[in-house]
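Coordinates from run-v1.cif are shown below (mmCIF, C-alpha atoms).
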data_final
#
loop_
_atom_site.label_atom_id
_atom_site.label_comp_id
_atom_site.auth_asym_id
_atom_site.auth_seq_id
_atom_site.Cartn_x
_atom_site.Cartn_y
_atom_site.Cartn_z
CA MET A 599 -3.39 100.53 13.09
CA ASN A 600 -2.60 97.18 14.74
CA ASP A 601 -1.19 98.74 17.91
CA LYS A 602 -4.49 98.39 19.71
CA TYR A 603 -4.32 94.54 19.58
CA ILE A 604 -2.49 92.64 22.29
CA SER A 605 -1.55 88.98 22.56
CA VAL A 606 -3.32 86.38 24.67
CA THR A 607 -0.21 86.13 26.81
CA GLN A 608 -0.29 89.86 27.49
CA LEU A 609 -3.94 89.71 28.47
CA THR A 610 -3.39 86.71 30.70
CA ARG A 611 -0.40 88.38 32.40
CA TYR A 612 -2.43 91.51 32.96
CA ILE A 613 -5.30 89.55 34.55
CA LYS A 614 -2.78 87.62 36.63
CA TYR A 615 -1.18 90.87 37.74
CA LYS A 616 -4.54 92.29 38.77
CA ILE A 617 -5.51 89.18 40.71
CA ASP A 618 -2.12 88.79 42.36
CA ASN A 619 -2.23 92.38 43.60
CA ASP A 620 -5.80 92.26 44.85
CA VAL A 621 -5.59 92.21 48.65
CA HIS A 622 -8.94 90.47 48.84
CA LEU A 623 -7.58 87.53 46.84
CA ASN A 624 -4.19 87.20 48.52
CA GLU A 625 -5.78 85.22 51.33
CA VAL A 626 -9.17 83.61 50.89
CA PHE A 627 -11.04 81.08 53.01
CA LEU A 628 -13.18 78.56 51.15
CA ARG A 629 -15.41 75.66 52.14
CA GLY A 630 -16.01 72.93 49.58
CA GLU A 631 -15.78 69.29 48.55
CA ILE A 632 -12.71 67.60 47.07
CA SER A 633 -13.12 66.07 43.65
CA ASN A 634 -10.66 64.59 41.11
CA PHE A 635 -7.98 64.30 43.78
CA LYS A 636 -4.49 63.31 42.60
CA ALA A 637 -1.30 62.99 44.63
CA HIS A 638 1.81 63.71 42.56
CA SER A 639 4.90 61.58 43.00
CA ARG A 640 6.80 64.70 44.14
CA GLY A 641 4.32 65.24 46.97
CA HIS A 642 2.07 67.91 45.43
CA PHE A 643 -1.73 67.62 45.70
CA TYR A 644 -3.95 68.49 42.75
CA PHE A 645 -7.72 68.58 43.12
CA THR A 646 -10.95 70.41 42.36
CA LEU A 647 -12.77 72.25 45.11
CA LYS A 648 -16.50 72.44 44.45
CA ASP A 649 -19.90 73.17 45.90
CA ASP A 650 -23.39 72.59 44.45
CA ASN A 651 -22.96 75.18 41.70
CA CYS A 652 -19.32 75.99 41.01
CA ARG A 653 -15.81 74.57 41.13
CA ILE A 654 -12.24 75.84 41.18
CA ASN A 655 -8.96 74.09 40.50
CA ALA A 656 -6.64 73.81 43.49
CA ILE A 657 -2.99 72.94 44.07
CA MET A 658 -1.18 72.35 47.33
CA PHE A 659 2.57 72.17 47.01
CA ALA A 660 4.55 69.47 48.81
CA SER A 661 6.00 71.97 51.30
CA ASN A 662 2.50 72.58 52.68
CA ALA A 663 1.07 69.12 51.95
CA LYS A 664 3.59 67.35 54.16
CA LYS A 665 2.29 69.29 57.16
CA LEU A 666 -1.14 67.66 56.92
CA LYS A 667 -2.07 65.05 59.52
CA PHE A 668 -4.54 63.33 57.18
CA THR A 669 -4.66 62.26 53.56
CA PRO A 670 -7.27 64.08 51.47
CA GLU A 671 -9.79 61.77 49.80
CA GLU A 672 -12.37 61.99 47.05
CA GLY A 673 -15.62 63.50 48.30
CA MET A 674 -14.15 64.88 51.51
CA LYS A 675 -15.49 68.21 52.72
CA VAL A 676 -12.64 70.59 53.61
CA LEU A 677 -11.83 74.11 54.78
CA VAL A 678 -9.22 75.74 52.52
CA THR A 679 -6.95 78.71 53.10
CA GLY A 680 -5.02 79.96 50.08
CA LYS A 681 -4.26 82.56 47.44
CA ILE A 682 -6.04 83.06 44.11
CA SER A 683 -3.86 83.35 41.01
CA VAL A 684 -3.87 82.59 37.29
CA PHE A 685 -2.07 79.72 35.66
CA GLU A 686 -0.68 81.44 32.57
CA SER A 687 -0.44 78.49 30.17
CA THR A 688 -4.18 77.79 30.40
CA GLY A 689 -5.43 81.19 31.48
CA ALA A 690 -7.45 79.48 34.24
CA TYR A 691 -7.62 80.91 37.71
CA GLN A 692 -6.97 78.58 40.63
CA ILE A 693 -6.28 78.59 44.31
CA TYR A 694 -2.86 77.83 45.75
CA VAL A 695 -3.65 76.12 49.07
CA SER A 696 -1.53 76.84 52.09
CA GLU A 697 -3.73 75.20 54.74
CA LEU A 698 -6.29 72.43 54.55
CA GLU A 699 -8.63 71.23 57.28
CA GLU A 700 -11.10 68.36 57.24
CA ASP A 701 -14.76 69.44 57.32
CA GLY A 702 -16.60 66.11 57.18
CA VAL A 703 -17.52 63.82 54.27
CA GLY A 704 -19.07 65.16 51.07
CA ASN A 705 -22.80 65.01 50.43
CA LEU A 706 -22.40 62.62 47.54
CA TYR A 707 -20.50 60.12 49.66
CA ILE A 708 -23.07 60.38 52.42
CA ALA A 709 -25.79 59.64 49.87
CA PHE A 710 -23.70 56.77 48.51
CA GLU A 711 -23.29 55.14 51.93
CA GLN A 712 -26.95 55.64 52.83
CA LEU A 713 -28.21 53.98 49.64
CA LYS A 714 -25.62 51.22 49.94
CA LYS A 715 -26.81 50.43 53.47
CA LYS A 716 -30.48 50.50 52.43
CA LEU A 717 -30.07 48.13 49.49
CA GLN A 718 -27.81 45.83 51.44
CA GLU A 719 -30.44 45.46 54.17
CA GLU A 720 -33.01 44.65 51.47
CA GLY A 721 -30.78 41.80 50.25
CA LEU A 722 -29.90 43.19 46.81
CA PHE A 723 -26.21 42.40 47.34
CA GLN A 724 -26.58 38.76 48.44
CA GLU A 725 -24.27 36.38 46.60
CA GLU A 726 -26.81 33.55 46.46
CA LYS A 727 -29.14 35.75 44.38
CA LYS A 728 -26.52 36.54 41.74
CA LYS A 729 -26.87 34.83 38.36
CA LYS A 730 -24.02 32.90 36.78
CA ILE A 731 -22.29 34.38 33.75
CA LYS A 732 -22.53 32.07 30.73
CA LYS A 733 -19.13 30.62 29.89
CA PHE A 734 -19.54 30.58 26.09
CA PRO A 735 -21.97 33.40 25.21
CA GLU A 736 -23.40 33.76 21.75
CA THR A 737 -24.88 37.24 22.31
CA ILE A 738 -23.68 40.08 24.53
CA GLY A 739 -25.38 43.43 25.07
CA VAL A 740 -23.58 46.61 26.13
CA VAL A 741 -25.32 49.57 27.77
CA THR A 742 -22.93 52.53 27.56
CA ALA A 743 -22.19 55.68 25.59
CA PRO A 744 -21.99 55.02 21.82
CA THR A 745 -18.75 56.97 21.60
CA GLY A 746 -15.69 56.95 23.77
CA ALA A 747 -13.00 54.54 24.85
CA ALA A 748 -15.27 52.22 26.87
CA ILE A 749 -17.30 50.80 23.98
CA LYS A 750 -14.25 50.61 21.74
CA ASP A 751 -12.30 48.66 24.36
CA ILE A 752 -15.21 46.28 24.98
CA ILE A 753 -15.79 45.55 21.28
CA SER A 754 -12.11 45.12 20.44
CA THR A 755 -11.51 42.86 23.45
CA ILE A 756 -14.50 40.61 22.73
CA LYS A 757 -13.69 40.33 19.01
CA ARG A 758 -10.09 39.49 19.84
CA ARG A 759 -10.86 36.92 22.51
CA TRP A 760 -14.10 35.32 21.26
CA PRO A 761 -15.12 36.38 17.73
CA LEU A 762 -18.04 33.91 17.80
CA THR A 763 -20.08 36.36 19.89
CA THR A 764 -22.54 38.88 18.46
CA ILE A 765 -22.42 42.28 20.23
CA TYR A 766 -25.50 44.50 20.60
CA LEU A 767 -24.97 48.13 21.61
CA PHE A 768 -27.72 49.87 23.56
CA PRO A 769 -26.55 53.51 23.46
CA SER A 770 -27.22 55.47 26.61
CA LEU A 771 -26.31 58.65 28.39
CA VAL A 772 -23.83 57.84 31.15
CA GLN A 773 -23.41 61.28 32.71
CA GLY A 774 -25.66 64.17 33.60
CA MET A 775 -29.13 64.73 34.99
CA ASP A 776 -30.95 62.52 32.46
CA ALA A 777 -28.44 59.67 32.50
CA LYS A 778 -30.11 57.51 35.16
CA GLU A 779 -33.46 57.33 33.33
CA ASP A 780 -31.73 56.57 30.04
CA ILE A 781 -29.62 53.80 31.59
CA VAL A 782 -32.71 52.17 33.11
CA LYS A 783 -34.54 52.39 29.80
CA GLN A 784 -31.70 50.71 27.91
CA ILE A 785 -31.27 47.97 30.54
CA LYS A 786 -34.96 47.05 30.23
CA ARG A 787 -34.74 47.20 26.44
CA ALA A 788 -31.67 44.96 26.40
CA ASP A 789 -33.33 42.48 28.78
CA SER A 790 -36.10 41.91 26.22
CA PHE A 791 -33.54 40.64 23.67
CA GLN A 792 -32.89 37.45 25.71
CA LEU A 793 -29.14 37.96 25.61
CA ASP A 794 -26.61 35.66 27.25
CA THR A 795 -24.82 38.51 29.06
CA LEU A 796 -25.28 42.26 29.54
CA ILE A 797 -22.42 44.68 30.27
CA VAL A 798 -23.42 47.99 31.89
CA GLY A 799 -20.86 50.74 32.43
CA ARG A 800 -18.68 53.58 31.25
CA GLY A 801 -15.10 54.84 31.43
CA GLY A 802 -13.49 56.56 34.41
CA GLY A 803 -14.26 59.98 35.85
CA SER A 804 -14.95 61.86 39.02
CA ILE A 805 -17.58 60.76 41.49
CA GLU A 806 -19.91 63.29 39.88
CA ASP A 807 -19.29 61.78 36.45
CA LEU A 808 -20.02 58.28 37.70
CA TRP A 809 -23.00 59.26 39.86
CA ALA A 810 -25.67 57.95 37.49
CA PHE A 811 -24.52 54.43 38.45
CA ASN A 812 -25.11 55.26 42.12
CA GLU A 813 -28.78 56.04 41.57
CA GLU A 814 -31.37 53.76 43.18
CA ILE A 815 -33.45 53.27 40.02
CA VAL A 816 -30.37 52.07 38.13
CA ALA A 817 -29.48 49.65 40.95
CA ARG A 818 -32.99 48.19 41.01
CA ALA A 819 -33.08 47.89 37.21
CA ILE A 820 -29.87 45.84 37.32
CA TYR A 821 -31.19 43.69 40.18
CA GLU A 822 -34.49 42.99 38.39
CA CYS A 823 -32.81 42.24 35.05
CA ASN A 824 -33.26 38.60 34.00
CA THR A 825 -30.07 38.72 31.94
CA PRO A 826 -26.83 38.23 33.92
CA VAL A 827 -25.22 41.67 34.32
CA ILE A 828 -21.53 42.58 34.50
CA SER A 829 -20.88 46.08 35.84
CA ALA A 830 -17.97 47.99 34.30
CA VAL A 831 -17.95 51.49 35.79
CA GLY A 832 -14.83 53.64 35.94
CA HIS A 833 -11.42 52.38 36.91
CA GLU A 834 -10.35 49.61 39.25
CA ILE A 835 -10.45 51.84 42.35
CA ASP A 836 -13.93 53.15 41.56
CA PHE A 837 -16.88 51.45 43.24
CA THR A 838 -20.51 52.28 42.56
CA ILE A 839 -23.82 50.91 43.81
CA ALA A 840 -24.20 49.21 40.42
CA ASP A 841 -21.07 47.15 41.18
CA PHE A 842 -22.62 45.72 44.36
CA VAL A 843 -25.96 44.87 42.70
CA ALA A 844 -24.56 43.38 39.48
CA ASP A 845 -24.02 39.65 39.13
CA LEU A 846 -20.32 40.29 38.51
CA ARG A 847 -18.18 43.39 38.98
CA ALA A 848 -15.37 44.19 36.53
CA PRO A 849 -12.60 46.66 37.43
CA THR A 850 -12.74 48.33 33.99
CA PRO A 851 -14.75 48.07 30.74
CA THR A 852 -11.91 46.05 29.23
CA GLY A 853 -11.98 43.79 32.27
CA ALA A 854 -15.72 43.30 31.77
CA ALA A 855 -15.15 42.13 28.21
CA GLU A 856 -12.49 39.70 29.41
CA MET A 857 -14.83 38.32 32.06
CA ALA A 858 -17.74 38.04 29.61
CA VAL A 859 -16.01 35.79 27.06
CA PRO A 860 -13.30 33.13 27.13
CA GLN A 861 -10.01 33.39 25.27
CA LEU A 862 -10.36 31.53 21.97
CA SER A 863 -6.78 30.30 22.05
CA GLU A 864 -7.24 29.00 25.59
CA VAL A 865 -10.43 27.18 24.56
CA GLU A 866 -8.63 25.66 21.58
CA THR A 867 -5.81 24.52 23.86
CA PHE A 868 -8.32 23.08 26.30
CA LEU A 869 -10.17 21.26 23.50
CA ASN A 870 -6.88 19.85 22.21
CA GLN A 871 -6.11 18.61 25.72
CA LEU A 872 -9.55 17.02 25.88
CA LYS A 873 -8.96 15.43 22.48
CA ILE A 874 -5.67 13.94 23.66
CA ARG A 875 -7.27 12.72 26.89
CA LEU A 876 -10.16 11.23 24.91
CA GLN A 877 -7.82 9.45 22.51
CA ASN A 878 -5.77 8.10 25.41
CA ASN A 879 -8.93 6.99 27.18
CA ILE A 880 -10.22 5.21 24.07
CA THR A 881 -6.84 3.53 23.54
CA ASN A 882 -6.77 2.38 27.16
CA GLN A 883 -10.34 1.08 26.88
CA ILE A 884 -9.50 -0.89 23.75
CA THR A 885 -6.33 -2.30 25.35
CA ASN A 886 -8.18 -3.30 28.52
CA ASN A 887 -11.03 -4.89 26.57
CA LYS A 888 -8.56 -6.83 24.40
CA ARG A 889 -6.88 -8.10 27.55
CA LYS A 890 -10.24 -9.16 28.99
CA LEU A 891 -11.17 -10.89 25.72
CA MET A 892 -7.89 -12.81 25.63
CA ASP A 893 -8.40 -13.80 29.25
CA LEU A 894 -11.89 -15.10 28.48
CA GLN A 895 -10.67 -16.95 25.41
CA SER A 896 -8.01 -18.75 27.45
CA ARG A 897 -10.44 -20.01 30.10
CA ASN A 898 -11.21 -23.75 30.27
CA ILE A 899 -14.89 -23.13 29.91
CA LEU A 900 -14.37 -21.89 26.38
CA THR A 901 -11.51 -24.18 25.40
CA ASN A 902 -13.37 -27.25 26.75
CA PRO A 903 -17.08 -26.45 27.01
CA MET A 904 -17.91 -30.09 27.89
CA MET A 905 -16.43 -29.42 31.30
CA LEU A 906 -19.46 -27.28 32.02
CA TYR A 907 -21.91 -29.91 30.76
CA GLN A 908 -20.49 -33.07 32.36
CA PRO A 909 -20.83 -32.07 36.05
CA LYS A 910 -24.43 -31.05 35.38
CA GLU A 911 -25.10 -34.34 33.64
CA ILE A 912 -23.78 -36.27 36.64
CA GLU A 913 -25.83 -34.15 39.02
CA PHE A 914 -28.94 -34.71 36.92
CA SER A 915 -28.42 -38.50 36.92
CA ASN A 916 -28.05 -38.53 40.69
CA LEU A 917 -31.24 -36.56 41.13
CA LEU A 918 -33.08 -38.86 38.72
CA ASP A 919 -31.95 -41.94 40.68
CA LYS A 920 -33.09 -40.35 43.93
CA LEU A 921 -36.46 -39.59 42.37
CA LYS A 922 -36.93 -43.16 41.17
CA TYR A 923 -36.01 -44.53 44.57
CA SER A 924 -38.44 -42.19 46.32
CA ILE A 925 -41.26 -43.18 43.97
CA ASN A 926 -40.68 -46.91 44.45
CA HIS A 927 -40.42 -46.52 48.19
CA LEU A 928 -43.69 -44.60 48.33
CA VAL A 929 -45.48 -47.14 46.12
CA ASN A 930 -44.30 -50.06 48.29
CA GLN A 931 -45.39 -48.32 51.46
CA LYS A 932 -48.86 -47.57 50.11
CA GLU A 933 -49.15 -51.15 48.84
CA LYS A 934 -48.43 -52.50 52.34
CA GLU A 935 -51.03 -50.20 53.82
CA PHE A 936 -53.56 -51.39 51.28
CA LEU A 937 -52.90 -55.06 52.04
CA PHE A 938 -53.19 -54.36 55.76
CA TYR A 939 -56.61 -52.81 55.42
CA LYS A 940 -57.66 -55.42 52.87
CA ASN A 941 -56.88 -58.30 55.28
CA SER A 942 -58.25 -56.59 58.37
CA TYR A 943 -61.07 -58.11 60.51
CA VAL A 944 -63.47 -55.36 59.50
CA LEU A 945 -63.27 -56.15 55.83
CA GLN A 946 -63.08 -59.94 56.25
CA LYS A 947 -66.14 -60.37 58.65
CA PRO A 948 -68.14 -57.14 58.64
CA TYR A 949 -71.41 -58.78 59.93
CA GLN A 950 -69.76 -60.15 63.04
CA LEU A 951 -68.61 -56.62 63.89
CA LEU A 952 -72.12 -55.31 63.26
CA ASP A 953 -73.69 -57.95 65.56
CA LYS A 954 -71.26 -57.12 68.27
CA LYS A 955 -72.06 -53.43 68.02
CA SER A 956 -75.83 -54.18 67.99
CA ASN A 957 -75.63 -56.23 71.19
CA LYS A 958 -73.75 -53.46 72.92
CA TYR A 959 -76.38 -50.99 71.75
CA LEU A 960 -79.23 -53.11 73.19
CA GLN A 961 -77.45 -53.37 76.53
CA LEU A 962 -77.17 -49.60 76.74
CA ILE A 963 -80.89 -49.23 75.87
CA SER A 964 -81.80 -51.62 78.63
CA LYS A 965 -79.81 -49.66 81.18
CA LEU A 966 -81.44 -46.41 80.09
CA GLU A 967 -84.94 -47.93 80.42
CA THR A 968 -84.15 -49.15 83.91
CA LEU A 969 -83.23 -45.67 84.96
CA SER A 970 -86.11 -43.99 83.04
CA PRO A 971 -88.70 -42.17 85.23
CA LEU A 972 -91.40 -43.33 82.81
CA LEU A 973 -91.16 -46.87 84.17
CA THR A 974 -91.61 -45.47 87.64
CA LEU A 975 -94.81 -43.79 86.51
CA GLN A 976 -96.05 -47.08 85.03
CA ARG A 977 -95.73 -48.68 88.44
CA GLY A 978 -98.29 -46.15 89.92
CA TYR A 979 -95.95 -43.46 91.05
CA THR A 980 -96.27 -39.73 90.14
CA MET A 981 -93.78 -36.96 89.48
CA THR A 982 -94.30 -33.45 90.92
CA LYS A 983 -92.84 -30.30 89.31
CA LYS A 984 -92.76 -26.66 90.32
CA ASP A 985 -91.75 -24.17 87.67
CA ASP A 986 -90.63 -27.10 85.44
CA LYS A 987 -88.32 -28.35 88.21
CA ILE A 988 -88.86 -31.68 90.02
CA VAL A 989 -89.89 -31.27 93.67
CA SER A 990 -87.97 -33.75 95.81
CA SER A 991 -88.83 -32.38 99.29
CA MET A 992 -91.68 -30.66 101.18
CA LYS A 993 -89.44 -27.82 102.12
CA HIS A 994 -89.31 -26.75 98.47
CA ILE A 995 -93.01 -25.78 98.38
CA LYS A 996 -95.26 -23.34 100.25
CA ILE A 997 -98.90 -22.37 100.49
CA ASP A 998 -100.54 -21.20 97.18
CA ASP A 999 -97.75 -22.67 94.98
CA ILE A 1000 -99.00 -24.15 91.71
CA LEU A 1001 -97.69 -27.66 91.19
CA GLU A 1002 -97.79 -29.89 88.12
CA ILE A 1003 -98.30 -33.63 88.84
CA THR A 1004 -97.44 -36.11 86.10
CA PHE A 1005 -99.18 -39.50 85.96
CA GLN A 1006 -98.62 -42.37 83.57
CA ASP A 1007 -101.41 -41.21 81.35
CA GLY A 1008 -101.36 -37.41 81.76
CA ASN A 1009 -100.71 -34.25 83.80
CA VAL A 1010 -102.77 -32.23 86.31
CA GLN A 1011 -102.15 -28.95 88.13
CA THR A 1012 -102.94 -28.39 91.78
CA LYS A 1013 -102.63 -25.66 94.33
CA VAL A 1014 -101.06 -26.03 97.72
CA ILE A 1015 -103.52 -25.14 100.51
CA LYS A 1016 -103.25 -25.04 104.23
CA LYS A 1017 -104.31 -28.27 105.93
CA GLU A 1018 -107.29 -27.84 108.36
#

In structure tokens, what does this structure look like?
Amino acid sequence: MNDKYISVTQLTRYIKYKIDNDVHLNEVFLRGEISNFKAHSRGHFYFTLKDDNCRINAIMFASNAKKLKFTPEEGMKVLVTGKISVFESTGAYQIYVSELEEDGVGNLYIAFEQLKKKLQEEGLFQEEKKKKIKKFPETIGVVTAPTGAAIKDIISTIKRRWPLTTIYLFPSLVQGMDAKEDIVKQIKRADSFQLDTLIVGRGGGSIEDLWAFNEEIVARAIYECNTPVISAVGHEIDFTIADFVADLRAPTPTGAAEMAVPQLSEVETFLNQLKIRLQNNITNQITNNKRKLMDLQSRNILTNPMMLYQPKEIEFSNLLDKLKYSINHLVNQKEKEFLFYKNSYVLQKPYQLLDKKSNKYLQLISKLETLSPLLTLQRGYTMTKKDDKIVSSMKHIKIDDILEITFQDGNVQTKVIKKE
């Protein structure tokens, strides 16, 4: 009754037998992109070969791998020659690679480099535009998947290092077609909480798994975020566009938590050192001030304050004596001047001076009258003017000129005519 049932091992071996004996599968030629590449310590290469729709596991043993003239890398497009077989323990079919040729860089890496160049030229990576991470944050937001190792590592690390911080989780898809829109949505939502720091990231994975953090809308959302952002995507060797745009890049989610908060024990040690330095500084200040006080107390000015007063008293007396002398000297001088003017000839005999001045005045009047043209007119002479100017010669007049002749008792006008 149960003879018709076979074991999984029997089925797997049968499928393996069929595949191994299929001439079409003994040597196949595939073109694809390397993903999840790992180099074993024994020299074997393990990777996934994929295209836009499908993928197949691949292994290249050390005997063939050592013949390669290049080292396979993540995202590299390759040409593969190999044999298809089944790995019995998992029942998965895979290709055993015998030859591997480089066929250019994968589409995802080309897209990565193109977007990186574009955003760099726009200035989104400039260091001077990056915001500083707060040293002692009170609130930290985390945009990542609500389950998985990343969020657990972040929470445990923050609580261990700096339990004074409140953590807000903004759950988001971090992989798949809808991940980029969800990440952007959660970044904007977190930014409205006015947090001190925002961590954006996820755990490790292939380039396909991490691709949401290479999307342009995610990069711009991080750049436009007012809250300082720490990127924490993948492992230390993984770099995404989000890492270049973020204010600080952490190698892992745990590393992001360590960068986001200080170590409480280190802060306590630092505060204790400050306390000791403060106490020493205060002690030194008190000692120095005591020394200054003792020095002041020992000065003569305080032990014998009269020493300050006495020189000033002497100086004041000297100035007072000089002032008195100056006043007396000025009074005596003015008194002499007064006596001089009081005894002067002008004040003693003022009328004699007036008579003398009057005589001199009369002499001057007499001289002026002697020279006055009016006296000349009184003696029968006349004075002739032309245009209000005295005519002293015939050559100054001509026919038809109007002349004004002044007599002793009046003026007349006349016209110059030609003599017959």

Report as a CSV table (one decimal) with C-alpha atoms, in the coordinates of the input all protein, DNA and RNA residues lying within 12 Å of segment 858-871 of chain A, evaluated on only C-alpha atoms, omitting residues in the same chain fewer than 6 positions from it.
chain,number,residue,atom,x,y,z
A,730,LYS,CA,-24.0,32.9,36.8
A,731,ILE,CA,-22.3,34.4,33.8
A,732,LYS,CA,-22.5,32.1,30.7
A,733,LYS,CA,-19.1,30.6,29.9
A,734,PHE,CA,-19.5,30.6,26.1
A,735,PRO,CA,-22.0,33.4,25.2
A,736,GLU,CA,-23.4,33.8,21.8
A,737,THR,CA,-24.9,37.2,22.3
A,738,ILE,CA,-23.7,40.1,24.5
A,739,GLY,CA,-25.4,43.4,25.1
A,740,VAL,CA,-23.6,46.6,26.1
A,752,ILE,CA,-15.2,46.3,25.0
A,753,ILE,CA,-15.8,45.6,21.3
A,755,THR,CA,-11.5,42.9,23.4
A,756,ILE,CA,-14.5,40.6,22.7
A,757,LYS,CA,-13.7,40.3,19.0
A,758,ARG,CA,-10.1,39.5,19.8
A,759,ARG,CA,-10.9,36.9,22.5
A,760,TRP,CA,-14.1,35.3,21.3
A,761,PRO,CA,-15.1,36.4,17.7
A,762,LEU,CA,-18.0,33.9,17.8
A,763,THR,CA,-20.1,36.4,19.9
A,764,THR,CA,-22.5,38.9,18.5
A,765,ILE,CA,-22.4,42.3,20.2
A,794,ASP,CA,-26.6,35.7,27.2
A,795,THR,CA,-24.8,38.5,29.1
A,796,LEU,CA,-25.3,42.3,29.5
A,797,ILE,CA,-22.4,44.7,30.3
A,798,VAL,CA,-23.4,48.0,31.9
A,826,PRO,CA,-26.8,38.2,33.9
A,827,VAL,CA,-25.2,41.7,34.3
A,828,ILE,CA,-21.5,42.6,34.5
A,829,SER,CA,-20.9,46.1,35.8
A,830,ALA,CA,-18.0,48.0,34.3
A,845,ASP,CA,-24.0,39.6,39.1
A,846,LEU,CA,-20.3,40.3,38.5
A,847,ARG,CA,-18.2,43.4,39.0
A,848,ALA,CA,-15.4,44.2,36.5
A,851,PRO,CA,-14.8,48.1,30.7
A,852,THR,CA,-11.9,46.0,29.2
A,877,GLN,CA,-7.8,9.4,22.5
A,878,ASN,CA,-5.8,8.1,25.4

Compare A:Asn651, A:Ser754, A:Gln961, A:Asn634 by their minimum atom-to-atom distance to Ile805 of chain A, counting only C-alpha atoms, and give me the closest one. A:Asn634

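For the residues A:Ile988, A:Ala810, A:Leu937, A:Met857, ranking by smallest atom-to-atom distance to Asp776 of chain A using all atoms listed in the file places A:Ala810 first.
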
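Non-sequential neighbours of Lys984 of chain A (distance at most 10 Å, separation of 3 or more positions within a chain, all atoms listed in the file) are Lys987, Ile988, Val989, His994, Ile995, Asp999, Ile1000, Leu1001, Glu1002, Ile1003 and Gln1011 of chain A.
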
Would you work out the distance separating atom CA of Gly799 of chain A from atom CA of Ile820 of chain A, expressed in Å to one decimal? 11.4 Å

Within 10 Å of Ala709 of chain A using only C-alpha atoms, minus same-chain residues under 5 positions, as a PyMOL selection string: chain A and resi 704+714-715+812-813

Residues matched by the PyMOL selection byres ((chain A and resi 769) around 12), written as a ChimeraX atom specification: /A:739-746,748-749,766-768,770-772,777,780-785,787-788,797-800

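For the atom pair formed by atom CA of Asn887 of chain A and atom CA of Tyr907 of chain A, the distance is 27.6 Å, given to one decimal.
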
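With only C-alpha atoms as the atoms that count, the minimum distance from Thr607 of chain A to the choices A:Leu928, A:Ile835, A:Val676, A:Val684 is reached by A:Val684.
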
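Distances here use all atoms listed in the file; by that measure, the residue among A:Gly721, A:Leu900, A:Asp751, A:Ser790 closest to Arg818 of chain A is A:Gly721.
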
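For the pair atom CA of Glu933 of chain A and atom CA of Lys920 of chain A, the separation is 20.0 Å.
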
Using all atoms listed in the file, which residues sit within 12 Å of Pro670 of chain A once same-chain residues fewer than 5 positions away are excluded, as a ChimeraX atom specification? /A:631-637,642-647,658,663-664,675-678,698-704

A:Thr825, A:Asn662, A:Ser687, A:Ser804 ranked by distance to Leu706 of chain A, top pick (using all atoms listed in the file): A:Ser804

Taking the file above as input, evaluate the PyMOL selection byres ((chain A and resi 683) around 6) and report the hits as a PyMOL selection string. chain A and resi 618+682+684+691-692

For His833 of chain A, the nearest of the candidates A:Leu960, A:Ile997, A:Leu628, A:Ala854, counting only C-alpha atoms: A:Ala854

Chain and number of each residue from the PyMOL selection byres ((chain A and resi 613) around 12), as a VMD selection string: chain A and resid 606 to 612 614 to 620 682 to 686 689 to 691
